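Listing of input_11.csv, CSV, C-alpha atoms
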```csv
chain,number,residue,atom,x,y,z
A,1,MET,CA,-34.6,-18.9,-3.8
A,2,GLY,CA,-33.5,-19.6,-0.3
A,3,SER,CA,-32.9,-16.8,2.2
A,4,VAL,CA,-29.8,-16.7,4.4
A,5,ASN,CA,-29.1,-14.5,7.3
A,6,GLN,CA,-26.7,-11.6,6.6
A,7,THR,CA,-24.1,-13.1,8.9
A,8,ALA,CA,-23.8,-16.0,6.5
A,9,ILE,CA,-22.9,-13.7,3.6
A,10,SER,CA,-19.2,-13.5,3.3
A,11,GLU,CA,-18.8,-11.5,0.1
A,12,PHE,CA,-20.5,-9.6,-2.7
A,13,ILE,CA,-19.6,-9.6,-6.4
A,14,LEU,CA,-19.1,-6.2,-8.1
A,15,LEU,CA,-19.9,-6.6,-11.8
A,16,GLY,CA,-18.2,-3.3,-12.6
A,17,LEU,CA,-18.9,-1.0,-15.6
A,18,SER,CA,-18.7,-3.8,-18.2
A,19,GLU,CA,-18.4,-7.6,-18.2
A,20,ASP,CA,-16.7,-7.5,-21.6
A,21,PRO,CA,-13.1,-8.7,-21.1
A,22,ALA,CA,-11.9,-6.8,-24.1
A,23,LEU,CA,-13.0,-3.5,-22.5
A,24,GLN,CA,-11.2,-4.1,-19.2
A,25,PRO,CA,-7.8,-2.6,-20.2
A,26,PHE,CA,-9.5,0.5,-21.6
A,27,ILE,CA,-11.6,0.9,-18.4
A,28,PHE,CA,-8.5,0.4,-16.2
A,29,SER,CA,-6.4,2.9,-18.1
A,30,LEU,CA,-9.2,5.5,-18.2
A,31,PHE,CA,-10.0,5.4,-14.5
A,32,LEU,CA,-6.4,5.2,-13.5
A,33,PHE,CA,-5.9,8.5,-15.5
A,34,ILE,CA,-9.0,10.0,-14.0
A,35,TYR,CA,-7.9,9.1,-10.4
A,36,LEU,CA,-4.4,10.5,-10.9
A,37,ILE,CA,-5.7,13.7,-12.5
A,38,THR,CA,-8.3,14.2,-9.7
A,39,THR,CA,-5.8,13.5,-6.9
A,40,LEU,CA,-3.1,15.8,-8.4
A,41,GLY,CA,-5.6,18.6,-9.2
A,42,ASN,CA,-7.1,18.7,-5.8
A,43,LEU,CA,-3.8,18.3,-4.1
A,44,LEU,CA,-2.5,21.3,-6.0
A,45,ILE,CA,-5.4,23.4,-4.7
A,46,ILE,CA,-4.7,22.3,-1.1
A,47,LEU,CA,-1.0,23.2,-1.5
A,48,ALA,CA,-1.8,26.5,-3.3
A,49,VAL,CA,-4.1,27.6,-0.6
A,50,LYS,CA,-1.7,26.6,2.2
A,51,SER,CA,1.3,28.2,0.6
A,52,ASP,CA,-0.2,31.6,-0.5
A,53,SER,CA,-1.1,33.9,2.4
A,54,GLN,CA,-3.5,35.9,0.1
A,55,LEU,CA,-5.7,32.8,-0.1
A,56,HIS,CA,-6.0,32.4,3.7
A,57,THR,CA,-9.7,33.5,3.5
A,58,PRO,CA,-12.9,31.6,4.4
A,59,MET,CA,-13.7,30.9,0.8
A,60,TYR,CA,-10.4,29.2,0.1
A,61,PHE,CA,-10.4,27.5,3.5
A,62,PHE,CA,-13.6,25.7,2.5
A,63,LEU,CA,-12.3,25.1,-1.0
A,64,SER,CA,-9.2,23.4,0.3
A,65,ASN,CA,-11.3,21.2,2.5
A,66,LEU,CA,-13.7,20.4,-0.4
A,67,SER,CA,-10.6,19.3,-2.4
A,68,PHE,CA,-9.4,17.1,0.4
A,69,ASN,CA,-12.9,15.6,0.7
A,70,ASP,CA,-12.9,15.0,-3.1
A,71,ILE,CA,-9.7,13.0,-2.9
A,72,CYS,CA,-11.2,10.9,-0.1
A,73,LEU,CA,-14.4,10.3,-1.9
A,74,ILE,CA,-12.8,9.2,-5.2
A,75,THR,CA,-10.3,7.0,-3.2
A,76,THR,CA,-13.1,5.0,-1.7
A,77,THR,CA,-14.2,3.7,-5.1
A,78,ILE,CA,-11.6,3.8,-7.9
A,79,PRO,CA,-8.6,2.1,-6.3
A,80,ASN,CA,-10.7,-0.9,-5.3
A,81,MET,CA,-12.1,-1.1,-8.9
A,82,LEU,CA,-8.6,-0.9,-10.4
A,83,VAL,CA,-7.4,-3.7,-8.1
A,84,ASN,CA,-10.4,-5.9,-9.1
A,85,ILE,CA,-9.8,-5.4,-12.8
A,86,GLN,CA,-6.0,-6.1,-12.4
A,87,SER,CA,-6.5,-9.2,-10.3
A,88,GLN,CA,-9.6,-10.3,-12.3
A,89,ASP,CA,-11.3,-10.8,-8.9
A,90,LYS,CA,-14.7,-9.0,-8.6
A,91,THR,CA,-15.4,-10.0,-5.0
A,92,ILE,CA,-15.6,-7.7,-2.0
A,93,THR,CA,-16.1,-8.9,1.5
A,94,TYR,CA,-19.4,-8.2,3.4
A,95,THR,CA,-17.5,-6.0,5.9
A,96,GLY,CA,-15.6,-4.3,3.1
A,97,CYS,CA,-18.8,-3.5,1.3
A,98,LEU,CA,-20.5,-2.0,4.4
A,99,SER,CA,-17.4,0.0,5.1
A,100,GLN,CA,-17.4,1.3,1.5
A,101,VAL,CA,-21.1,2.3,1.7
A,102,CYS,CA,-20.4,4.1,5.0
A,103,LEU,CA,-17.4,6.0,3.7
A,104,ILE,CA,-19.1,7.0,0.4
A,105,LEU,CA,-22.2,8.3,2.3
A,106,ASN,CA,-19.9,10.2,4.7
A,107,PHE,CA,-17.8,11.9,2.1
A,108,ALA,CA,-20.8,12.7,-0.1
A,109,GLY,CA,-22.5,14.1,3.0
A,110,ILE,CA,-19.5,16.3,3.8
A,111,GLU,CA,-19.5,17.6,0.2
A,112,ASN,CA,-23.2,18.4,0.5
A,113,CYS,CA,-22.6,20.4,3.7
A,114,LEU,CA,-19.5,22.2,2.4
A,115,LEU,CA,-21.3,23.3,-0.7
A,116,ALA,CA,-24.0,24.8,1.4
A,117,VAL,CA,-21.5,26.6,3.7
A,118,MET,CA,-19.7,27.9,0.6
A,119,ALA,CA,-22.9,29.4,-0.7
A,120,TYR,CA,-23.5,31.1,2.6
A,121,ASP,CA,-19.9,32.5,2.4
A,122,ARG,CA,-20.7,34.0,-1.0
A,123,TYR,CA,-24.0,35.4,0.4
A,124,VAL,CA,-22.2,37.2,3.3
A,125,ALA,CA,-19.4,38.4,1.0
A,126,ILE,CA,-21.8,40.0,-1.5
A,127,CYS,CA,-24.8,41.0,0.6
A,128,HIS,CA,-23.0,42.0,3.8
A,129,PRO,CA,-19.4,42.9,2.8
A,130,LEU,CA,-18.8,45.2,5.7
A,131,LYS,CA,-19.7,42.4,8.2
A,132,TYR,CA,-17.9,39.6,6.3
A,133,THR,CA,-14.8,39.4,8.5
A,134,VAL,CA,-17.0,39.5,11.7
A,135,ILE,CA,-19.4,36.8,10.5
A,136,MET,CA,-17.0,34.5,8.7
A,137,ASP,CA,-14.3,34.4,11.4
A,138,SER,CA,-12.0,31.5,12.0
A,139,HIS,CA,-14.3,30.1,14.8
A,140,PHE,CA,-17.3,30.0,12.5
A,141,CYS,CA,-15.3,28.3,9.7
A,142,VAL,CA,-14.0,25.6,12.0
A,143,MET,CA,-17.3,25.0,13.7
A,144,SER,CA,-19.0,24.8,10.2
A,145,LEU,CA,-16.5,22.1,9.2
A,146,LEU,CA,-16.9,20.2,12.4
A,147,CYS,CA,-20.7,20.3,12.2
A,148,SER,CA,-20.5,19.1,8.5
A,149,LEU,CA,-18.4,16.2,9.7
A,150,PHE,CA,-20.7,15.3,12.6
A,151,PHE,CA,-23.9,15.3,10.6
A,152,SER,CA,-22.3,13.4,7.7
A,153,VAL,CA,-20.9,10.7,10.0
A,154,THR,CA,-24.2,10.4,11.8
A,155,HIS,CA,-26.1,10.1,8.4
A,156,ALA,CA,-23.6,7.5,7.1
A,157,LEU,CA,-23.6,5.4,10.3
A,158,PHE,CA,-27.4,5.4,10.4
A,159,HIS,CA,-27.8,3.9,7.0
A,160,THR,CA,-25.0,1.4,7.6
A,161,LEU,CA,-26.6,0.2,10.8
A,162,MET,CA,-29.9,-0.2,9.0
A,163,MET,CA,-28.2,-2.4,6.4
A,164,LEU,CA,-27.1,-4.7,9.2
A,165,MET,CA,-30.7,-5.6,9.7
A,166,LEU,CA,-31.2,-6.9,6.2
A,167,SER,CA,-31.1,-10.5,5.2
A,168,PHE,CA,-29.7,-11.5,1.8
A,169,CYS,CA,-30.4,-14.3,-0.7
A,170,THR,CA,-27.9,-16.4,-2.6
A,171,GLU,CA,-27.9,-13.7,-5.3
A,172,THR,CA,-25.0,-11.4,-4.3
A,173,GLU,CA,-24.1,-9.7,-7.6
A,174,ILE,CA,-24.1,-5.9,-7.5
A,175,PRO,CA,-24.3,-4.4,-11.0
A,176,HIS,CA,-22.0,-1.6,-10.1
A,177,PHE,CA,-18.3,-0.8,-9.7
A,178,PHE,CA,-18.7,0.0,-6.0
A,179,CYS,CA,-21.1,-0.9,-3.2
A,180,GLU,CA,-24.0,1.6,-3.5
A,181,LEU,CA,-26.7,1.7,-0.9
A,182,ALA,CA,-29.7,1.4,-3.2
A,183,GLN,CA,-28.2,-1.5,-5.1
A,184,ILE,CA,-27.5,-3.5,-1.9
A,185,ILE,CA,-31.0,-2.9,-0.6
A,186,LYS,CA,-32.4,-4.3,-3.8
A,187,LEU,CA,-30.5,-7.6,-3.1
A,188,ALA,CA,-32.2,-8.1,0.2
A,189,CYS,CA,-34.5,-11.0,0.7
A,190,SER,CA,-36.1,-9.5,3.8
A,191,ASP,CA,-38.6,-6.8,3.7
A,192,ASN,CA,-36.7,-3.7,2.5
A,193,PHE,CA,-39.6,-1.2,2.5
A,194,ILE,CA,-38.5,0.4,5.7
A,195,ASN,CA,-34.9,0.8,4.4
A,196,TYR,CA,-36.2,2.4,1.1
A,197,LEU,CA,-38.5,4.7,3.1
A,198,LEU,CA,-35.7,5.8,5.4
A,199,VAL,CA,-33.2,6.2,2.5
A,200,TYR,CA,-35.5,8.6,0.7
A,201,THR,CA,-36.9,10.4,3.8
A,202,VAL,CA,-33.5,10.9,5.4
A,203,SER,CA,-31.9,11.9,2.1
A,204,VAL,CA,-34.6,14.5,1.5
A,205,VAL,CA,-33.9,16.0,4.9
A,206,PHE,CA,-30.1,15.7,4.9
A,207,PHE,CA,-29.6,16.8,1.4
A,208,GLY,CA,-32.7,19.0,1.1
A,209,ILE,CA,-31.9,21.4,3.9
A,210,PRO,CA,-28.4,22.3,2.4
A,211,VAL,CA,-30.0,22.7,-1.1
A,212,LEU,CA,-32.7,25.0,0.4
A,213,GLY,CA,-29.9,27.0,2.0
A,214,ILE,CA,-28.0,27.3,-1.3
A,215,LEU,CA,-31.2,28.4,-3.1
A,216,LEU,CA,-32.0,31.0,-0.5
A,217,SER,CA,-28.4,32.3,-0.5
A,218,TYR,CA,-28.5,32.7,-4.3
A,219,ILE,CA,-31.9,34.4,-4.2
A,220,HIS,CA,-30.5,37.0,-1.9
A,221,ILE,CA,-27.3,37.3,-4.0
A,222,VAL,CA,-29.2,37.8,-7.2
A,223,SER,CA,-31.4,40.4,-5.6
A,224,SER,CA,-28.4,42.3,-4.2
A,225,VAL,CA,-26.5,42.1,-7.5
A,226,LEU,CA,-29.4,43.4,-9.6
A,227,LYS,CA,-29.5,46.5,-7.3
A,228,MET,CA,-25.9,47.3,-8.1
A,229,SER,CA,-25.5,50.3,-10.5
A,230,SER,CA,-22.1,49.3,-11.8
A,231,LEU,CA,-21.8,46.7,-14.5
A,232,GLY,CA,-18.3,45.9,-13.4
A,233,GLY,CA,-19.6,45.2,-9.9
A,234,LYS,CA,-22.3,42.9,-11.2
A,235,TYR,CA,-19.8,41.0,-13.3
A,236,LYS,CA,-17.4,40.6,-10.4
A,237,ALA,CA,-20.1,39.4,-8.1
A,238,PHE,CA,-21.5,36.8,-10.5
A,239,SER,CA,-18.0,35.6,-11.5
A,240,THR,CA,-17.2,34.8,-7.9
A,241,CYS,CA,-20.3,32.6,-7.8
A,242,GLY,CA,-20.0,31.0,-11.2
A,243,SER,CA,-17.6,28.2,-10.2
A,244,HIS,CA,-19.6,27.3,-7.1
A,245,LEU,CA,-22.8,27.2,-9.1
A,246,SER,CA,-21.2,24.9,-11.7
A,247,VAL,CA,-20.0,22.4,-9.0
A,248,VAL,CA,-23.4,22.6,-7.2
A,249,SER,CA,-25.2,21.8,-10.5
A,250,LEU,CA,-22.9,18.9,-11.2
A,251,PHE,CA,-23.1,17.3,-7.7
A,252,TYR,CA,-26.8,17.7,-7.0
A,253,GLY,CA,-27.9,17.1,-10.6
A,254,THR,CA,-26.1,13.8,-10.9
A,255,GLY,CA,-26.9,12.7,-7.3
A,256,PHE,CA,-30.6,13.4,-7.9
A,257,GLY,CA,-30.3,11.4,-11.1
A,258,VAL,CA,-28.9,8.4,-9.2
A,259,HIS,CA,-31.9,8.3,-6.8
A,260,ILE,CA,-34.5,8.8,-9.5
A,261,SER,CA,-32.9,6.2,-11.8
A,262,SER,CA,-32.6,3.6,-9.0
A,263,ALA,CA,-36.2,4.2,-8.0
A,264,PHE,CA,-37.9,4.2,-11.4
A,265,THR,CA,-35.7,2.3,-13.9
A,266,ASP,CA,-34.9,-1.4,-14.1
A,267,SER,CA,-31.7,-0.6,-16.0
A,268,PRO,CA,-28.7,-0.8,-13.6
A,269,ARG,CA,-26.4,0.6,-16.3
A,270,LYS,CA,-28.2,3.9,-16.3
A,271,THR,CA,-27.7,4.1,-12.5
A,272,VAL,CA,-24.0,3.3,-12.9
A,273,VAL,CA,-23.5,6.1,-15.4
A,274,ALA,CA,-25.1,8.6,-13.1
A,275,SER,CA,-23.1,7.3,-10.1
A,276,VAL,CA,-19.9,7.8,-12.1
A,277,MET,CA,-20.8,11.4,-12.6
A,278,TYR,CA,-21.3,12.3,-9.0
A,279,THR,CA,-18.6,10.1,-7.4
A,280,VAL,CA,-15.9,10.5,-10.1
A,281,VAL,CA,-16.4,13.2,-12.8
A,282,THR,CA,-17.5,15.9,-10.4
A,283,GLN,CA,-14.4,15.4,-8.3
A,284,MET,CA,-12.2,15.5,-11.4
A,285,LEU,CA,-13.7,18.7,-12.7
A,286,ASN,CA,-13.7,20.6,-9.5
A,287,PRO,CA,-10.0,21.8,-9.7
A,288,PHE,CA,-10.5,22.9,-13.3
A,289,ILE,CA,-13.8,24.7,-12.5
A,290,TYR,CA,-12.4,26.6,-9.5
A,291,SER,CA,-9.0,27.5,-11.2
A,292,LEU,CA,-9.7,28.3,-14.9
A,293,ARG,CA,-11.4,31.7,-14.2
A,294,ASN,CA,-9.7,32.5,-10.9
A,295,LYS,CA,-6.7,34.7,-11.3
A,296,ASP,CA,-5.6,34.2,-7.6
A,297,MET,CA,-5.7,30.4,-8.0
A,298,LYS,CA,-3.8,30.5,-11.2
A,299,LYS,CA,-1.1,32.7,-9.6
A,300,ALA,CA,-0.9,30.4,-6.6
A,301,PHE,CA,-0.7,27.3,-8.9
A,302,ARG,CA,2.3,28.8,-10.8
A,303,LYS,CA,4.1,29.5,-7.5
A,304,VAL,CA,3.5,25.9,-6.3
A,305,ILE,CA,4.5,24.3,-9.6
A,306,SER,CA,7.7,26.5,-9.8
A,307,ARG,CA,8.6,25.5,-6.3
A,308,ILE,CA,8.1,21.8,-7.1
A,309,THR,CA,10.1,22.0,-10.3
A,310,SER,CA,13.0,23.8,-8.5
A,311,LEU,CA,13.2,20.9,-6.1
A,312,LEU,CA,13.5,18.3,-8.9
```
Can the structure in the file be given as structure tokens, please?
Amino acid sequence: MGSVNQTAISEFILLGLSEDPALQPFIFSLFLFIYLITTLGNLLIILAVKSDSQLHTPMYFFLSNLSFNDICLITTTIPNMLVNIQSQDKTITYTGCLSQVCLILNFAGIENCLLAVMAYDRYVAICHPLKYTVIMDSHFCVMSLLCSLFFSVTHALFHTLMMLMLSFCTETEIPHFFCELAQIIKLACSDNFINYLLVYTVSVVFFGIPVLGILLSYIHIVSSVLKMSSLGGKYKAFSTCGSHLSVVSLFYGTGFGVHISSAFTDSPRKTVVASVMYTVVTQMLNPFIYSLRNKDMKKAFRKVISRITSLL
């Protein structure tokens, strides 16, 4: 198989979730529904937080930014897949593929950082309630958001620039519905050991530090809650963390599954399923997870929906 320099590669072919033509209408309808539900649910959270003054707190500030980031993350993958199915054209340009990789890494990185900051927010609220307004002031919240953006962009650009150094063979088929970093590195004809080493090393650092921060925050939270004498206080403390823990488990569990499956399995379909979980399903479930057991969010949702319906 002849090797060509990456500048000669004009496009990749995204094989999608299935190559069976009979399944394409079902996949199109399913993912269109998921995209609309995800966008609408997260948009409602943003509107609810913005319109209700009672929700103008650090926790909901980060939640609204998480919802905006979820819309951005799912928009980098699903619309392109829907267009490919509708047009029956599975190609994506080389530049478009690199851009998609960069955007996915960026938004996944922001989600990673936001989840860590949200865990710290819960730690301060439960373990240091009297200092909460002092520690979690508007300056800290904005700086946390800007730092999350900076580190995520740096992480995404680093991997994207490393991809530019790869050479590709005549085989340009990606067994995925979007351009995933690990799958593209596998297609390289040039030595990709350095790329794999950097992917896993940088990922361990970039994702490992926030995970460590989340674990430490919850260790302190559990320790503080167990010292409470009131059962009501314990229940209230744990209930405020339940939604965040659910999202953390979904995001990191599926993300970890993608890296493990891509490294140790030869079945690309298993990797695709795990990728769907952390790039699609998690973003769809976030609005439900954060609103079903949250009375303040339910109340804000009702206000937003009533305002929208009154305008129609």
Distance in Å - atom CA of A:Ala274 versus atom CA of A:Phe26
19.5 Å
Which polymer residues have any atom within 9 Å of an atom of A:Val225, counting only C-alpha atoms, with same-chain residues fewer than 2 positions away left out, as a tab-separated table (two decimals) with C-alpha atoms, keeping the file's coordinate frame?
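Wrote it out as around-v8.tsv, contents follow:
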```
chain	number	residue	atom	x	y	z
A	126	ILE	CA	-21.80	40.00	-1.50
A	127	CYS	CA	-24.80	41.00	0.60
A	220	HIS	CA	-30.50	37.00	-1.90
A	221	ILE	CA	-27.30	37.30	-4.00
A	222	VAL	CA	-29.20	37.80	-7.20
A	223	SER	CA	-31.40	40.40	-5.60
A	227	LYS	CA	-29.50	46.50	-7.30
A	228	MET	CA	-25.90	47.30	-8.10
A	229	SER	CA	-25.50	50.30	-10.50
A	233	GLY	CA	-19.60	45.20	-9.90
A	234	LYS	CA	-22.30	42.90	-11.20
A	235	TYR	CA	-19.80	41.00	-13.30
A	237	ALA	CA	-20.10	39.40	-8.10
A	238	PHE	CA	-21.50	36.80	-10.50
```
Between atom CA of A:Leu66 and atom CA of A:Glu111, what distance in Å does the model show, to one decimal?
6.5 Å
Please report the interatomic distance between atom CA of A:Phe251 and atom CA of A:Val280 in Å with one decimal.
10.2 Å
Name the residues, using the chain letters and numbers of the file, that sit within 10 Å of (-34.3, -0.6, 3.3) when counting all atoms listed in the file, and give them as a PDB file with C-alpha atoms, keeping the file's coordinate frame.
```
ATOM      1  CA  HIS A 159     -27.800   3.900   7.000  1.00  0.00           C
ATOM      2  CA  MET A 162     -29.900  -0.200   9.000  1.00  0.00           C
ATOM      3  CA  MET A 163     -28.200  -2.400   6.400  1.00  0.00           C
ATOM      4  CA  MET A 165     -30.700  -5.600   9.700  1.00  0.00           C
ATOM      5  CA  LEU A 166     -31.200  -6.900   6.200  1.00  0.00           C
ATOM      6  CA  LEU A 181     -26.700   1.700  -0.900  1.00  0.00           C
ATOM      7  CA  ALA A 182     -29.700   1.400  -3.200  1.00  0.00           C
ATOM      8  CA  ILE A 184     -27.500  -3.500  -1.900  1.00  0.00           C
ATOM      9  CA  ILE A 185     -31.000  -2.900  -0.600  1.00  0.00           C
ATOM     10  CA  LYS A 186     -32.400  -4.300  -3.800  1.00  0.00           C
ATOM     11  CA  ALA A 188     -32.200  -8.100   0.200  1.00  0.00           C
ATOM     12  CA  SER A 190     -36.100  -9.500   3.800  1.00  0.00           C
ATOM     13  CA  ASP A 191     -38.600  -6.800   3.700  1.00  0.00           C
ATOM     14  CA  ASN A 192     -36.700  -3.700   2.500  1.00  0.00           C
ATOM     15  CA  PHE A 193     -39.600  -1.200   2.500  1.00  0.00           C
ATOM     16  CA  ILE A 194     -38.500   0.400   5.700  1.00  0.00           C
ATOM     17  CA  ASN A 195     -34.900   0.800   4.400  1.00  0.00           C
ATOM     18  CA  TYR A 196     -36.200   2.400   1.100  1.00  0.00           C
ATOM     19  CA  LEU A 197     -38.500   4.700   3.100  1.00  0.00           C
ATOM     20  CA  LEU A 198     -35.700   5.800   5.400  1.00  0.00           C
ATOM     21  CA  VAL A 199     -33.200   6.200   2.500  1.00  0.00           C
ATOM     22  CA  TYR A 200     -35.500   8.600   0.700  1.00  0.00           C
TER      23      TYR A 200
END
```
Name all residues at most 12 Å from A:Lys298 (count only C-alpha atoms; drop same-chain ones fewer than 2 positions away) and give them as a list of chain:residue names.
A:Leu44, A:Ile45, A:Ala48, A:Val49, A:Asp52, A:Leu55, A:Pro287, A:Phe288, A:Ile289, A:Tyr290, A:Ser291, A:Leu292, A:Arg293, A:Asn294, A:Lys295, A:Asp296, A:Ala300, A:Phe301, A:Arg302, A:Lys303, A:Val304, A:Ile305
Env of A:Pro129: 12 Å cut, atoms = only C-alpha atoms, seq-sep filter 6 positions within chain, self excluded. Answer as number ranges by chain.
A: 121-123, 135-136, 221, 224, 237
Between A:Ile219, A:Leu146, A:Val204, A:Leu130, which has the minimum distance to A:Ile110 (counting all atoms listed in the file)?
A:Leu146
Skipping near chain neighbours, those fewer than 4 positions away, what residues fall within 12 Å of A:Ile174 using only C-alpha atoms, listed as a ChimeraX atom specification?
/A:11-17,90-92,97,178-188,268-269,271-272
Residue contacts of A:Asn65 (12 Å, all atoms listed in the file) excluding same-chain residues fewer than 4 positions away, as a PyMOL selection string
chain A and resi 42-43+45-47+49-50+58-61+69-72+107+110-111+113-115+117-118+141-142+144-146+148-149
Those same residues, written as a PDB file, keeping the file's coordinate frame with C-alpha atoms?
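Written output follows (selection02.pdb):
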```pdb
ATOM      1  CA  ASN A  42      -7.100  18.700  -5.800  1.00  0.00           C
ATOM      2  CA  LEU A  43      -3.800  18.300  -4.100  1.00  0.00           C
ATOM      3  CA  ILE A  45      -5.400  23.400  -4.700  1.00  0.00           C
ATOM      4  CA  ILE A  46      -4.700  22.300  -1.100  1.00  0.00           C
ATOM      5  CA  LEU A  47      -1.000  23.200  -1.500  1.00  0.00           C
ATOM      6  CA  VAL A  49      -4.100  27.600  -0.600  1.00  0.00           C
ATOM      7  CA  LYS A  50      -1.700  26.600   2.200  1.00  0.00           C
ATOM      8  CA  PRO A  58     -12.900  31.600   4.400  1.00  0.00           C
ATOM      9  CA  MET A  59     -13.700  30.900   0.800  1.00  0.00           C
ATOM     10  CA  TYR A  60     -10.400  29.200   0.100  1.00  0.00           C
ATOM     11  CA  PHE A  61     -10.400  27.500   3.500  1.00  0.00           C
ATOM     12  CA  ASN A  69     -12.900  15.600   0.700  1.00  0.00           C
ATOM     13  CA  ASP A  70     -12.900  15.000  -3.100  1.00  0.00           C
ATOM     14  CA  ILE A  71      -9.700  13.000  -2.900  1.00  0.00           C
ATOM     15  CA  CYS A  72     -11.200  10.900  -0.100  1.00  0.00           C
ATOM     16  CA  PHE A 107     -17.800  11.900   2.100  1.00  0.00           C
ATOM     17  CA  ILE A 110     -19.500  16.300   3.800  1.00  0.00           C
ATOM     18  CA  GLU A 111     -19.500  17.600   0.200  1.00  0.00           C
ATOM     19  CA  CYS A 113     -22.600  20.400   3.700  1.00  0.00           C
ATOM     20  CA  LEU A 114     -19.500  22.200   2.400  1.00  0.00           C
ATOM     21  CA  LEU A 115     -21.300  23.300  -0.700  1.00  0.00           C
ATOM     22  CA  VAL A 117     -21.500  26.600   3.700  1.00  0.00           C
ATOM     23  CA  MET A 118     -19.700  27.900   0.600  1.00  0.00           C
ATOM     24  CA  CYS A 141     -15.300  28.300   9.700  1.00  0.00           C
ATOM     25  CA  VAL A 142     -14.000  25.600  12.000  1.00  0.00           C
ATOM     26  CA  SER A 144     -19.000  24.800  10.200  1.00  0.00           C
ATOM     27  CA  LEU A 145     -16.500  22.100   9.200  1.00  0.00           C
ATOM     28  CA  LEU A 146     -16.900  20.200  12.400  1.00  0.00           C
ATOM     29  CA  SER A 148     -20.500  19.100   8.500  1.00  0.00           C
ATOM     30  CA  LEU A 149     -18.400  16.200   9.700  1.00  0.00           C
TER      31      LEU A 149
END
```
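Distance annotation: of A:Tyr278, A:Phe151, A:Ala125, A:Leu32, the residue with the minimal separation from A:Cys241 is A:Ala125; atom set is only C-alpha atoms.
Distances here use only C-alpha atoms; by that measure, the residue among A:Ser99, A:Ser18, A:Val124, A:Ser217 closest to A:Leu157 is A:Ser99.
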Looking at only C-alpha atoms, which of A:Val202, A:Val153, A:Leu245, A:Met284 is the one that sits closest to A:Leu40?
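Once distances to A:Leu40 are computed over only C-alpha atoms, the minimum belongs to A:Met284.
Distance annotation: of A:Asn112, A:Thr57, A:Thr254, A:Ser306, the residue with the minimal separation from A:Ser275 is A:Thr254; atom set is all atoms listed in the file.
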Selected residue of minimal separation from A:Phe177 among A:Val83, A:Leu250, A:Met143, A:Ala156, counting only C-alpha atoms:
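Using only C-alpha atoms, the shortest distance to A:Phe177 belongs to A:Val83.
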